[in-house]
6 protein chains.
Amino acid sequence: MARPVTLFTGQWADLPLEELAEKAGRWGFDGLELACWGDHFEVDRALAEDDYAGSIQEILERNHLNCFALGAHLVGQAVCDQIDDRHRGILPPDVWGNGDPEGVRQRAAERMKDTARAAARFGVQQVNGFTGSAIWHLLYSFPPNDFAEIERGYEDFAERWSPIIDMFDSEGVRFGLEVHPTEIAYDFVTTRKTLDAIGNREGFGINLDPSHFAHQSLDTAQFALEFHDRIYHVHVKDSRKRLDGRRSILGSHINFGEEARGWDFVSPGHGDVDFEELFRALNRIGYTGPLSIEWEDSGMDREWGAQDALAYVRRTDFAPSAVAFDAAMQRA
Amino acid sequence: MARPVTLFTGQWADLPLEELAEKAGRWGFDGLELACWGDHFEVDRALAEDDYAGSIQEILERNHLNCFALGAHLVGQAVCDQIDDRHRGILPPDVWGNGDPEGVRQRAAERMKDTARAAARFGVQQVNGFTGSAIWHLLYSFPPNDFAEIERGYEDFAERWSPIIDMFDSEGVRFGLEVHPTEIAYDFVTTRKTLDAIGNREGFGINLDPSHFAHQSLDTAQFALEFHDRIYHVHVKDSRKRLDGRRSILGSHINFGEEARGWDFVSPGHGDVDFEELFRALNRIGYTGPLSIEWEDSGMDREWGAQDALAYVRRTDFAPSAVAFDAAMQRA
Amino acid sequence: MARPVTLFTGQWADLPLEELAEKAGRWGFDGLELACWGDHFEVDRALAEDDYAGSIQEILERNHLNCFALGAHLVGQAVCDQIDDRHRGILPPDVWGNGDPEGVRQRAAERMKDTARAAARFGVQQVNGFTGSAIWHLLYSFPPNDFAEIERGYEDFAERWSPIIDMFDSEGVRFGLEVHPTEIAYDFVTTRKTLDAIGNREGFGINLDPSHFAHQSLDTAQFALEFHDRIYHVHVKDSRKRLDGRRSILGSHINFGEEARGWDFVSPGHGDVDFEELFRALNRIGYTGPLSIEWEDSGMDREWGAQDALAYVRRTDFAPSAVAFDAAMQRA
Amino acid sequence: MARPVTLFTGQWADLPLEELAEKAGRWGFDGLELACWGDHFEVDRALAEDDYAGSIQEILERNHLNCFALGAHLVGQAVCDQIDDRHRGILPPDVWGNGDPEGVRQRAAERMKDTARAAARFGVQQVNGFTGSAIWHLLYSFPPNDFAEIERGYEDFAERWSPIIDMFDSEGVRFGLEVHPTEIAYDFVTTRKTLDAIGNREGFGINLDPSHFAHQSLDTAQFALEFHDRIYHVHVKDSRKRLDGRRSILGSHINFGEEARGWDFVSPGHGDVDFEELFRALNRIGYTGPLSIEWEDSGMDREWGAQDALAYVRRTDFAPSAVAFDAAMQRA
Amino acid sequence: MARPVTLFTGQWADLPLEELAEKAGRWGFDGLELACWGDHFEVDRALAEDDYAGSIQEILERNHLNCFALGAHLVGQAVCDQIDDRHRGILPPDVWGNGDPEGVRQRAAERMKDTARAAARFGVQQVNGFTGSAIWHLLYSFPPNDFAEIERGYEDFAERWSPIIDMFDSEGVRFGLEVHPTEIAYDFVTTRKTLDAIGNREGFGINLDPSHFAHQSLDTAQFALEFHDRIYHVHVKDSRKRLDGRRSILGSHINFGEEARGWDFVSPGHGDVDFEELFRALNRIGYTGPLSIEWEDSGMDREWGAQDALAYVRRTDFAPSAVAFDAAMQRA
Amino acid sequence: MARPVTLFTGQWADLPLEELAEKAGRWGFDGLELACWGDHFEVDRALAEDDYAGSIQEILERNHLNCFALGAHLVGQAVCDQIDDRHRGILPPDVWGNGDPEGVRQRAAERMKDTARAAARFGVQQVNGFTGSAIWHLLYSFPPNDFAEIERGYEDFAERWSPIIDMFDSEGVRFGLEVHPTEIAYDFVTTRKTLDAIGNREGFGINLDPSHFAHQSLDTAQFALEFHDRIYHVHVKDSRKRLDGRRSILGSHINFGEEARGWDFVSPGHGDVDFEELFRALNRIGYTGPLSIEWEDSGMDREWGAQDALAYVRRTDFAPSAVAFDAAMQRA
């Protein structure tokens with residue numbers, strides 16, 4: 001196989017890094033994409049404590065693991081969102097503070113800058129995450145949307161994230177938005193608008209996760225080709241539609257894992273994503289970074305699944321050809 | 001054909017009722033479903049002016065049109081919604097008032113009660129409309145939803161609409177929620193929850209509109225069978241998916257009629273709705289009310305389309321059989 | 001349009017021929033395929049009463065109707081069947097007699113010979129019908145079938161029908177088996193075996209009815225091409241699959257018209273049959289006989305449906321081309 | 001993997017149990033579902049000989065195999081069937097006796113009671129099998145069915161099986177009907193009717209075999225959810241449709257393995273059954289019993305296939321999740 | 001309906017224009033697209049005889065027909081083709097001359113210039129036709145293509161057609177290539193290359209004919225959107241795939257109309273083309289020119305078909321909307 | 001597994017046989033299908049040098065490899081083709097000679113006779129290859145084809161290949177045409193015509209390669225059944241359609257491996273070919289020869305792919321059953 005396979009630690013934050021790293025190493029992963037929550041990668045300690053980064057590095061090395069990227073989804077989400085009580089549950093107490101929405105947004109923005117600095121100190125050049133969105137809730141709107149307000153949502157995003165990306169640039173780190181419903185960009189149209197809004201600057205790219213595309217009927221391989229110069233990181237995660245005329249594609253306001261849902265996340269290779277097509281597209285655009293398994297399947301044992309997913313990626317990812325075949329049929 | 005075919009006037013509110021009624025009568029419609037906006041049916045005048053209802057009735061009769069239902073979508077929307085600037089555009093000034101959200105919601109609720117009284121005075125027993133929803137914006141949520149909050153949304157709906165339905169009951173009028181994204185009910189799961197929340201009382205039923213089901217991959221005919229005793233009114237409206245791997249089923253925060261959308265409304269018979277299957281289901285459940293064409297297609301001339309839709313319904317709707325066929329093959 | 005369109009009267013046997021002929025003529029049919037039950041065409045009277053055939057002819061002519069074929073399904077069914085109480089309901093009392101199975105079969109065979117004679121006297125050269133089958137009940141068998149017994153079923157058919165076809169031959173009349181589950185032939189395989197069993201003699205052909213093919217996933221147009229020299233008559237009847245994972249294609253031992261069935265008969269053009277493909281195949285094989293509408297749809301009003309079906313056939317059936325197009329592009 | 005995987009021995013009755021057990025153990029099966037024919041499990045000896053059960057148990061243990069269920073399909077079939085010569089081939093001589101139909105049915109019923117007793121003595125609480133059916137042959141009927149006769153078929157079943165299930169209850173053994181065409185229940189509708197007919201009593205449940213559902217276009221996973229409290233045992237067997245417009249879904253009265261058939265049984269994972277969906281449904285309903293491979297594929301070597309099937313089940317069956325994922329994304 | 005509907009006369013060249021015009025007028029066409037062969041429009045006479053154009057015009061006017069375009073497919077084909085005996089059959093004798101390939105090509109090019117002049121004299125600003133291609137025969141090539149040779153094919157096209165288009169420009173007439181297999185452009189890729197090769201000049205556009213796209217699996221509506229500023233004329237013609245695993249999409253070297261072909265031309269509305277989608281795209285790009293029926297269906301009577309096609313276009317083509325619907329739902 | 005798996009060396013002609021044989025042996029192949037180009041199998045040396053065959057044999061044996069067939073595609077192509085510059089690249093210089101077309105064709109024919117003699121001397125009874133075609137370029141023709149010319153193409157083939165096959169017969173070697181677009185036979189229709197043209201003689205059969213069927217929508221398994229007595233050798237190669245309405249099935253005159261192509265070759269198991277269905281058909285017709293992997297996938301590393309393909313074939317190919325299953329359910 002051609003690319004390193006890592007495990008995103010976000011869904012394992014209930015386990016201490018020590019324990020998770022030991023498992024991942026034993027299962028044969030090449031590295032971890034460390035989540036900036038739980039004790040996996042603590043931004044404040046990384047900046048405050050001289051030996052913190054080294055102690056994390058030591059755990060990784062002991063288990064023969066690399067780290068190519070950090071995951072800063074939770075704090076990033078708060079930068080543009082209309083803040084409410086749900087955010088209290090996902091933010092560090094000092095970012096939440098008194099919960100005043102604009103204050104939360106600004107503290108989250110500062111913490112994202114810190115994350116760039118911490119990543120640089122840790123020796124990692126890629127931070128993935130969410131941006132939040134001031135306009136997500138207007139997705140399907142009645143009363144009818146004022147589409148000027150939609151445009152203002154992209155402007156708001158650009159205003160809040162440009163200074164953050166300035167910091168990323170100065171630290172030599174790149175940000176990868178995980179294009180995802182609930183974020184400022186979630187499909188082809190909104191990704192184009194988002195990249196345009198922020199001036200198509202190099203510091204702001206994409207963490208491509210096909211599980212958020214499949215249930216929208218989007219073709220992730222074509223997405224990779226179209227935004228080829230902004231694909232900075234790739235998640236391996238899958239989703240599956242189960243539409244029978246009674247289940248809605250919209251979700252029914254019920255939780256993942258409910259039988260009545262029209263779509264759900266599943267372990268890679270068990271859903272609708274065409275990973276071979278995606279990997280061929282990644283070959284075509286020359287992507288050589290990690291394939292990072294973000295494992296989530298409410299119907300499968302987590303440890304069984306992580307290993308199944310790793311085996312699946314190993315046998316599906318392959319290097320591109322270096323031979324032109326009809327040429328080989330010419331006489332020598 | 002078996003059932004009267006009416007035209008919902010909501011999308012024609014730019015025309016005076018006089019003019020629209022003349023057209024609809026000439027095209028061959030059996031009646032109008034009058035919108036409670038524009039000058040089509042003004043609730044306040046119906047209650048205040050003794051001869052108002054008669055003057056509307058006279059316009060209808062002159063054009064050989066009946067009225068089986070009113071459409072009160074705009075005010076109904078404000079009863080449960082989180083009110084913002086978009087609502088100012090759709091509400092009568094006295095309902096909007098100073099725009100204070102809770103005040104708007106309460107004034108909207110009172111106006112819905114008035115609508116029941118006005119309908120009764122006008123001699124119509126069916127009012128269709130929207131309910132709004134306190135939780136619609138949590139459709140696909142990150143940070144993760146607190147699902148107890150979702151449940152509170154249904155309770156809020158029940159608290160606000162129960163007194164309204166009391167008034168409907170006392171006036172002998174029934175309400176039909178148009179099951180629709182952005183409302184408290186928009187699919188099988190949420191309709192069941194909504195009907196349960198309000199105690200499955202007879203005064204609160206459904207205005208079935210298949211155009212809001214098709215793009216969700218829902219089967220409207222099965223919906224009619226499952227909620228057969230609450231199907232009080234039926235809209236004939238169509239929608240069409242155009243999914244090519246680049247258009248999202250979610251809408252991309254762009255307006256109807258944009259080429260890049262993954263689905264859109266179209267004139268009946270030009271989309272994904274299986275109307276024959278739906279009409280067979282209506283036969284099976286014994287629905288004998290109107291088929292009310294709500295016409296919306298951003299790519300077709302409105303007047304050409306209304307006539308095309310009428311012809312389509314006339315040739316698609318048929319009465320059920322009264323003969324058992326194998327029995328007819330018995331010898332006489 | 002190219003071919004006469006007739007109405008098979010079997011499903012209208014509750015109406016006197018006088019009344020039905022008046023309707024069919026008014027609706028615009030070109031003729032009737034008279035069922036040999038009810039008072040539509042009575043075989044015994046046609047042989048016994050000199051003026052009977054003329055009286056029927058007179059009714060037809062008065063309504064501008066032709067007759068190209070008789071339908072003798074009910075008696076034909078009893079020739080090979082394992083007789084039980086169900087047959088009493090479909091047989092004339094003198095054919096049923098005391099109900100002794102072998103006696104019933106032999107009396108039915110004699111009545112089929114009479115039918116050929118009556119048809120000849122009436123001036124009609126085509127009789128359609130069923131054959132029955134000694135082995136139909138072994139369709140899906142556990143305990144496992146003895147396949148020699150299956151072969152004996154085809155032999156039994158040939159023994160019983162050969163003398164009948166001798167009479168048809170001598171009267172200049174042809175028999176058309178309606179290939180149909182419950183009969184000796186119901187698909188490609190069994191039709192080939194059936195025709196082989198009876199020596200591929202000309203007197204025994206096929207009344208092609210696509211409604212019995214569609215739910216079996218069979219392609220009627222290909223059937224017409226394969227058995228092109230035995231397609232003696234064509235029924236226009238439709239069926240529709242409604243498979244959703246809960247409805248079985250096998251029928252669930254419930255009656256036609258039940259919501260839970262996996263397939264059902266429907267009015268022509270409302271189901272799965274590809275009539276244009278079938279009509280193109282009929283053009284290709286040079287079939288110029290009638291298209292006879294056998295109307296059965298438990299969800300549609302019978303009279304609405306018969307007229308809808310006639311209009312459907314008129315606009316779908318067309319003559320083949322007499323022009324080679326690229327040739328027309330040669331210079332004159 | 002989560003559940004024990006066993007091999008149903010019915011299709012290997014030509015091999016002595018000694019030989020088959022040795023193979024199955026070597027291939028890695030967890031156990032055998034012993035057929036009550038051949039020398040695999042002999043009901044009469046189990047009741048008559050004190051050491052018989054022990055001798056079978058010894059063979060199993062020596063090969064590291066368990067037994068969770070017996071298969072008593074052949075005798076069970078005769079309890080309700082209209083008996084004919086085919087049954088002689090599948091019944092023990094003393095059950096067949098003189099072949100008098102009612103006598104055969106009653107002797108078969110007694111033998112089923114004995115089977116419950118023998119199972120109890122052998123220490124097994126589950127017996128799978130067929131019921132037969134007095135009405136199967138009326139599946140697609142012309143002349144038209146008298147549907148009262150169909151209802152009488154369910155009553156006949158209940159009368160014949162209730163005393164048998166009384167014995168099962170008293171022995172602490174449960175019966176699992178393999179829902180299957182040719183039996184009293186073969187789909188959703190008929191299973192509901194069957195369970196109702198016998199009073200939904202606990203002693204009578206289902207041996208779920210998806211191979212009999214796929215060719216009917218039925219969704220086995222939904223079946224498992226709907227009848228969740230009666231799923232007592234599960235077969236792993238597959239079938240495949242090969243419909244090309246010339247092959248009928250009905251079977252053409254030709255044997256399994258013929259090229260011209262429209263569907264056929266195949267080795268698990270090589271057909272239309274969605275086993276992952278089924279296993280997820282089994283997880284959801286908490287089924288922890290065996291997955292018993294009933295191997296039948298007329299186009300594959302039996303021993304190659306049994307091992308392929310075992311490997312397929314091992315890599316497809318997984319334990320359900322014990323983690324709520326969004327919860328893991330909350331800060332620690 | 002919104003656009004004039006014309007009949008392309010190329011497939012009717014066996015009829016004198018007098019006779020064809022009378023038929024077309026009676027059937028209700030709005031005009032004719034005159035083929036430059038037969039006696040429909042003779043280029044040499046139009047240039048040589050002062051009253052020729054007027055005499056044609058008179059025939060049209062007498063039948064209430066317009067002419068919006070000429071069809072010059074046959075001569076155009078010879079401009080780039082590798083000439084062989086097939087061309088003799090489609091060329092005027094003086095263009096064919098002695099059949100020397102380069103001479104034929106040059107004489108054909110001159111005749112195309114004449115066609116522009118004749119069209120201008122006749123008062124028509126649009127000429128449709130073919131270009132031929134030096135490389136078509138290399139479509140699927142073994143031995144492997146030298147792709148530099150392919151590129152030379154586009155250059156050859158540009159060299160030969162640029163002087164012709166100069167003449168078109170100077171006469172104020174535009175050329176519309178019917179994108180079509182056997183021509184220099186036949187799909188998205190080759191059309192882009194062709195337009196680029198000739199400098200995207202305005203004088204060279206497209207006669208869009210969807211029947212040549214459908215069997216290639218191309219989406220004509222998307223083609224119309226992509227090349228929106230070069231869609232100068234539109235043919236209404238249909239084709240149908242009949243792929244069953246035995247018929248090749250490539251044509252089997254057999255003629256149109258053969259049963260064994262994998263695809264064939266059919267009357268509009270009887271094939272795979274999604275005309276509504278195409279017409280909506282034409283609305284979107286503002287195309288207001290004629291819809292010209294090119295009628296070809298080897299299985300349908302030509303005159304029945306022409307009328308059927310006209311009716312089909314009339315009921316399928318509609319004007320775009322001038323109303324924004326949600327806006328109409330705002331209160332007046 | 002049942003059949004030997006070999007590697008066709010044509011796409012590896014850039015590697016010396018020594019090196020390739022070492023790799024193939026190490027990967028686990030059972031043999032090589034040697035291409036008659038590069039240094040893999042040199043026909044002239046095999047005839048001229050007494051020890052040549054032995055030296056090749058020695059290389060194979062050292063690596064535990066067999067040889068069941070030679071591949072002589074390049075020279076065979078020139079036998080019927082219209083020769084042009086592309087052929088110079090694929091022919092040995094002495095066959096090309098001065099490039100005079102008829103001379104090339106005759107020298108190629110002689111070399112094919114030599115190939116039969118060399119194969120016999122080498123001890124191999126099967127030579128696979130191409131035939132070329134005088135009419136391939138008329139595949140989709142405008143101006144319209146003269147279909148008599150098409151027929152002459154088959155005659156030309158028969159005239160040129162009959163003497164070659166005479167030599168094959170006399171050497172006890174059989175030829176297998178790889179049915180393939182650009183050859184005289186490429187689908188069902190043209191294969192039937194080709195075999196008829198050459199008198200269905202035994203010396204001329206088929207090298208069945210499914211990759212050339214899938215993109216034509218042809219069913220390779222049905223092809224194997226229809227031409228069962230002429231299937232002499234089987235290639236394992238795959239192709240994949242990627243049709244999105246913008247990519248043409250025809251190829252766009254662009255090379256394999258281009259993103260814009262509508263179909264392309266891919267590694268076995270990664271495309272549209274249903275290999276299990278094919279292998280079952282091969283079991284049914286009793287084919288016991290090699291499955292020869294012809295590996296070509298422009299998006300995958302060649303060495304990774306060859307091993308992946310071998311593993312895929314090993315786990316997909318299985319022996320047929322020797323047991324009748326229902327029989328096993330009879331009592332012993």
# chains A, B, ... in the order shown; residues from 1 in each chain; ligands from 1
>>> closest_atom_pairs(of="chain B", to="chain E", cutoff="8 Å", atoms="only C-alpha atoms", output="Markdown table")
| residue | atom | partner | partner_atom | distance |
| --- | --- | --- | --- | --- |
| B:Gly10 | CA | E:Met329 | CA | 6.0 |
| B:Gln11 | CA | E:Ala328 | CA | 5.2 |
| B:Trp12 | CA | E:Ala328 | CA | 6.4 |
| B:Ala13 | CA | E:Ala328 | CA | 5.9 |
| B:Asp14 | CA | E:Ala328 | CA | 6.3 |
| B:Trp37 | CA | E:Arg331 | CA | 5.9 |
| B:Gly38 | CA | E:Ala332 | CA | 5.0 |
| B:Gly89 | CA | E:Gln330 | CA | 6.0 |
| B:Ile90 | CA | E:Gln330 | CA | 4.9 |
| B:Leu91 | CA | E:Arg331 | CA | 6.7 |
| B:Pro92 | CA | E:Arg331 | CA | 7.0 |
| B:Glu296 | CA | E:Phe325 | CA | 6.5 |
| B:Asp297 | CA | E:Ser321 | CA | 7.2 |
| B:Ser298 | CA | E:Ser321 | CA | 5.4 |
| B:Gly299 | CA | E:Pro320 | CA | 4.6 |
| B:Met300 | CA | E:Pro320 | CA | 4.0 |
| B:Asp301 | CA | E:Ser321 | CA | 4.1 |
| B:Arg302 | CA | E:Ser321 | CA | 6.0 |
| B:Trp304 | CA | E:Phe318 | CA | 7.3 |
>>> write_last_selection(atoms="N, CA and C atoms", output="tab-separated table (two decimals), in the first residue's frame")
chain	number	residue	atom	x	y	z
B	10	GLY	N	-52.23	30.51	-3.05
B	10	GLY	CA	-51.08	31.12	-2.38
B	10	GLY	C	-50.00	31.64	-3.31
B	11	GLN	N	-49.74	30.93	-4.40
B	11	GLN	CA	-48.67	31.35	-5.32
B	11	GLN	C	-49.16	32.38	-6.33
B	12	TRP	N	-50.41	32.81	-6.21
B	12	TRP	CA	-50.99	33.77	-7.14
B	12	TRP	C	-51.46	35.02	-6.40
B	13	ALA	N	-50.88	35.25	-5.23
B	13	ALA	CA	-51.35	36.35	-4.39
B	13	ALA	C	-51.05	37.71	-5.00
B	14	ASP	N	-50.22	37.72	-6.03
B	14	ASP	CA	-49.98	38.99	-6.74
B	14	ASP	C	-51.17	39.36	-7.63
B	37	TRP	N	-53.99	35.39	2.52
B	37	TRP	CA	-53.16	36.58	2.33
B	37	TRP	C	-53.47	37.17	0.97
B	38	GLY	N	-52.79	38.22	0.59
B	38	GLY	CA	-53.26	38.97	-0.56
B	38	GLY	C	-54.69	39.40	-0.25
B	89	GLY	N	-41.58	39.53	6.97
B	89	GLY	CA	-42.00	39.57	5.56
B	89	GLY	C	-43.28	38.80	5.28
B	90	ILE	N	-43.62	37.88	6.12
B	90	ILE	CA	-44.78	37.03	5.79
B	90	ILE	C	-45.98	37.29	6.70
B	91	LEU	N	-45.82	38.13	7.72
B	91	LEU	CA	-46.91	38.31	8.68
B	91	LEU	C	-47.65	39.62	8.46
B	92	PRO	N	-48.95	39.65	8.75
B	92	PRO	CA	-49.66	40.93	8.76
B	92	PRO	C	-49.03	41.85	9.82
B	296	GLU	N	-46.13	25.27	-8.47
B	296	GLU	CA	-44.84	25.96	-8.31
B	296	GLU	C	-43.80	25.25	-9.15
B	297	ASP	N	-43.27	25.94	-10.12
B	297	ASP	CA	-42.24	25.36	-10.99
B	297	ASP	C	-41.48	26.53	-11.59
B	298	SER	N	-40.25	26.72	-11.13
B	298	SER	CA	-39.53	27.92	-11.53
B	298	SER	C	-39.06	27.87	-12.98
B	299	GLY	N	-39.29	26.73	-13.66
B	299	GLY	CA	-38.85	26.64	-15.05
B	299	GLY	C	-40.00	26.58	-16.04
B	300	MET	N	-41.22	26.91	-15.61
B	300	MET	CA	-42.37	26.76	-16.49
B	300	MET	C	-43.29	27.96	-16.33
B	301	ASP	N	-43.88	28.38	-17.42
B	301	ASP	CA	-44.84	29.47	-17.38
B	301	ASP	C	-46.03	29.08	-16.50
B	302	ARG	N	-46.40	29.98	-15.59
B	302	ARG	CA	-47.39	29.65	-14.58
B	302	ARG	C	-48.77	29.32	-15.16
B	304	TRP	N	-49.54	28.33	-18.35
B	304	TRP	CA	-49.43	27.08	-19.10
B	304	TRP	C	-49.46	25.91	-18.12
>>> atom_distance(atom1="atom CA of D:Tyr52", atom2="atom CA of D:Leu70")
15.0 Å
>>> residues_around(residues="C:Phe256", least_positions_apart="4", cutoff="8 Å", atoms="only C-alpha atoms", output="list in words")
Arg261, Asp264, Phe265 and Ser298 of chain C
>>> atom_distance(atom1="atom CA of E:Pro93", atom2="atom CA of E:Asp51")
23.9 Å
>>> select_by_dssp(residues="stretch 66-208 of chain C", states="helix (DSSP H, G or I)", output="VMD selection string")
chain C and resid 73 to 80 85 to 88 93 to 96 101 to 122 136 to 138 147 to 171 188 to 197
>>> select_by_dssp(residues="stretch 68-264 of chain A", states="strand (DSSP E)", output="PyMOL selection string")
chain A and resi 70-71+126-129+174-178+204-208+231-236+238-241+263-264
>>> decode(residues="stretch 138-143 of chain E", atoms="all heavy atoms", output="PDB file, in the first residue's frame")
ATOM      1  N   LEU E 138     -10.360   5.979 -36.321  1.00  0.00           N
ATOM      2  CA  LEU E 138      -9.416   5.607 -35.263  1.00  0.00           C
ATOM      3  C   LEU E 138     -10.092   5.552 -33.897  1.00  0.00           C
ATOM      4  O   LEU E 138      -9.434   5.591 -32.855  1.00  0.00           O
ATOM      5  CB  LEU E 138      -8.237   6.592 -35.241  1.00  0.00           C
ATOM      6  CG  LEU E 138      -7.434   6.606 -36.547  1.00  0.00           C
ATOM      7  CD1 LEU E 138      -6.389   7.722 -36.507  1.00  0.00           C
ATOM      8  CD2 LEU E 138      -6.762   5.260 -36.771  1.00  0.00           C
ATOM      9  N   LEU E 139     -11.422   5.499 -33.920  1.00  0.00           N
ATOM     10  CA  LEU E 139     -12.211   5.589 -32.687  1.00  0.00           C
ATOM     11  C   LEU E 139     -11.722   4.624 -31.618  1.00  0.00           C
ATOM     12  O   LEU E 139     -11.388   5.003 -30.504  1.00  0.00           O
ATOM     13  CB  LEU E 139     -13.671   5.277 -33.007  1.00  0.00           C
ATOM     14  CG  LEU E 139     -14.551   5.232 -31.776  1.00  0.00           C
ATOM     15  CD1 LEU E 139     -14.662   6.599 -31.164  1.00  0.00           C
ATOM     16  CD2 LEU E 139     -15.906   4.687 -32.121  1.00  0.00           C
ATOM     17  N   TYR E 140     -11.747   3.326 -31.926  1.00  0.00           N
ATOM     18  CA  TYR E 140     -11.177   2.340 -31.008  1.00  0.00           C
ATOM     19  C   TYR E 140     -10.129   1.640 -31.845  1.00  0.00           C
ATOM     20  O   TYR E 140     -10.469   0.913 -32.775  1.00  0.00           O
ATOM     21  CB  TYR E 140     -12.227   1.363 -30.534  1.00  0.00           C
ATOM     22  CG  TYR E 140     -11.734   0.403 -29.456  1.00  0.00           C
ATOM     23  CD1 TYR E 140     -12.613  -0.239 -28.608  1.00  0.00           C
ATOM     24  CD2 TYR E 140     -10.378   0.134 -29.256  1.00  0.00           C
ATOM     25  CE1 TYR E 140     -12.176  -1.119 -27.628  1.00  0.00           C
ATOM     26  CE2 TYR E 140      -9.932  -0.727 -28.286  1.00  0.00           C
ATOM     27  CZ  TYR E 140     -10.834  -1.356 -27.469  1.00  0.00           C
ATOM     28  OH  TYR E 140     -10.391  -2.218 -26.490  1.00  0.00           O
ATOM     29  N   SER E 141      -8.910   1.864 -31.522  1.00  0.00           N
ATOM     30  CA  SER E 141      -7.852   1.490 -32.430  1.00  0.00           C
ATOM     31  C   SER E 141      -6.912   0.466 -31.827  1.00  0.00           C
ATOM     32  O   SER E 141      -6.435   0.611 -30.703  1.00  0.00           O
ATOM     33  CB  SER E 141      -7.046   2.750 -32.793  1.00  0.00           C
ATOM     34  OG  SER E 141      -5.915   2.381 -33.549  1.00  0.00           O
ATOM     35  N   PHE E 142      -6.704  -0.604 -32.571  1.00  0.00           N
ATOM     36  CA  PHE E 142      -5.559  -1.458 -32.339  1.00  0.00           C
ATOM     37  C   PHE E 142      -4.997  -1.752 -33.716  1.00  0.00           C
ATOM     38  O   PHE E 142      -5.736  -2.188 -34.598  1.00  0.00           O
ATOM     39  CB  PHE E 142      -5.923  -2.754 -31.610  1.00  0.00           C
ATOM     40  CG  PHE E 142      -4.707  -3.500 -31.184  1.00  0.00           C
ATOM     41  CD1 PHE E 142      -4.098  -3.199 -29.974  1.00  0.00           C
ATOM     42  CD2 PHE E 142      -4.109  -4.437 -32.019  1.00  0.00           C
ATOM     43  CE1 PHE E 142      -2.927  -3.838 -29.600  1.00  0.00           C
ATOM     44  CE2 PHE E 142      -2.940  -5.068 -31.643  1.00  0.00           C
ATOM     45  CZ  PHE E 142      -2.340  -4.778 -30.439  1.00  0.00           C
ATOM     46  N   PRO E 143      -3.752  -1.579 -34.029  1.00  0.00           N
ATOM     47  CA  PRO E 143      -2.666  -1.122 -33.159  1.00  0.00           C
ATOM     48  C   PRO E 143      -2.985   0.210 -32.480  1.00  0.00           C
ATOM     49  O   PRO E 143      -3.796   0.971 -32.990  1.00  0.00           O
ATOM     50  CB  PRO E 143      -1.490  -0.964 -34.120  1.00  0.00           C
ATOM     51  CG  PRO E 143      -1.863  -1.775 -35.333  1.00  0.00           C
ATOM     52  CD  PRO E 143      -3.319  -1.780 -35.409  1.00  0.00           C
TER      53      PRO E 143
END
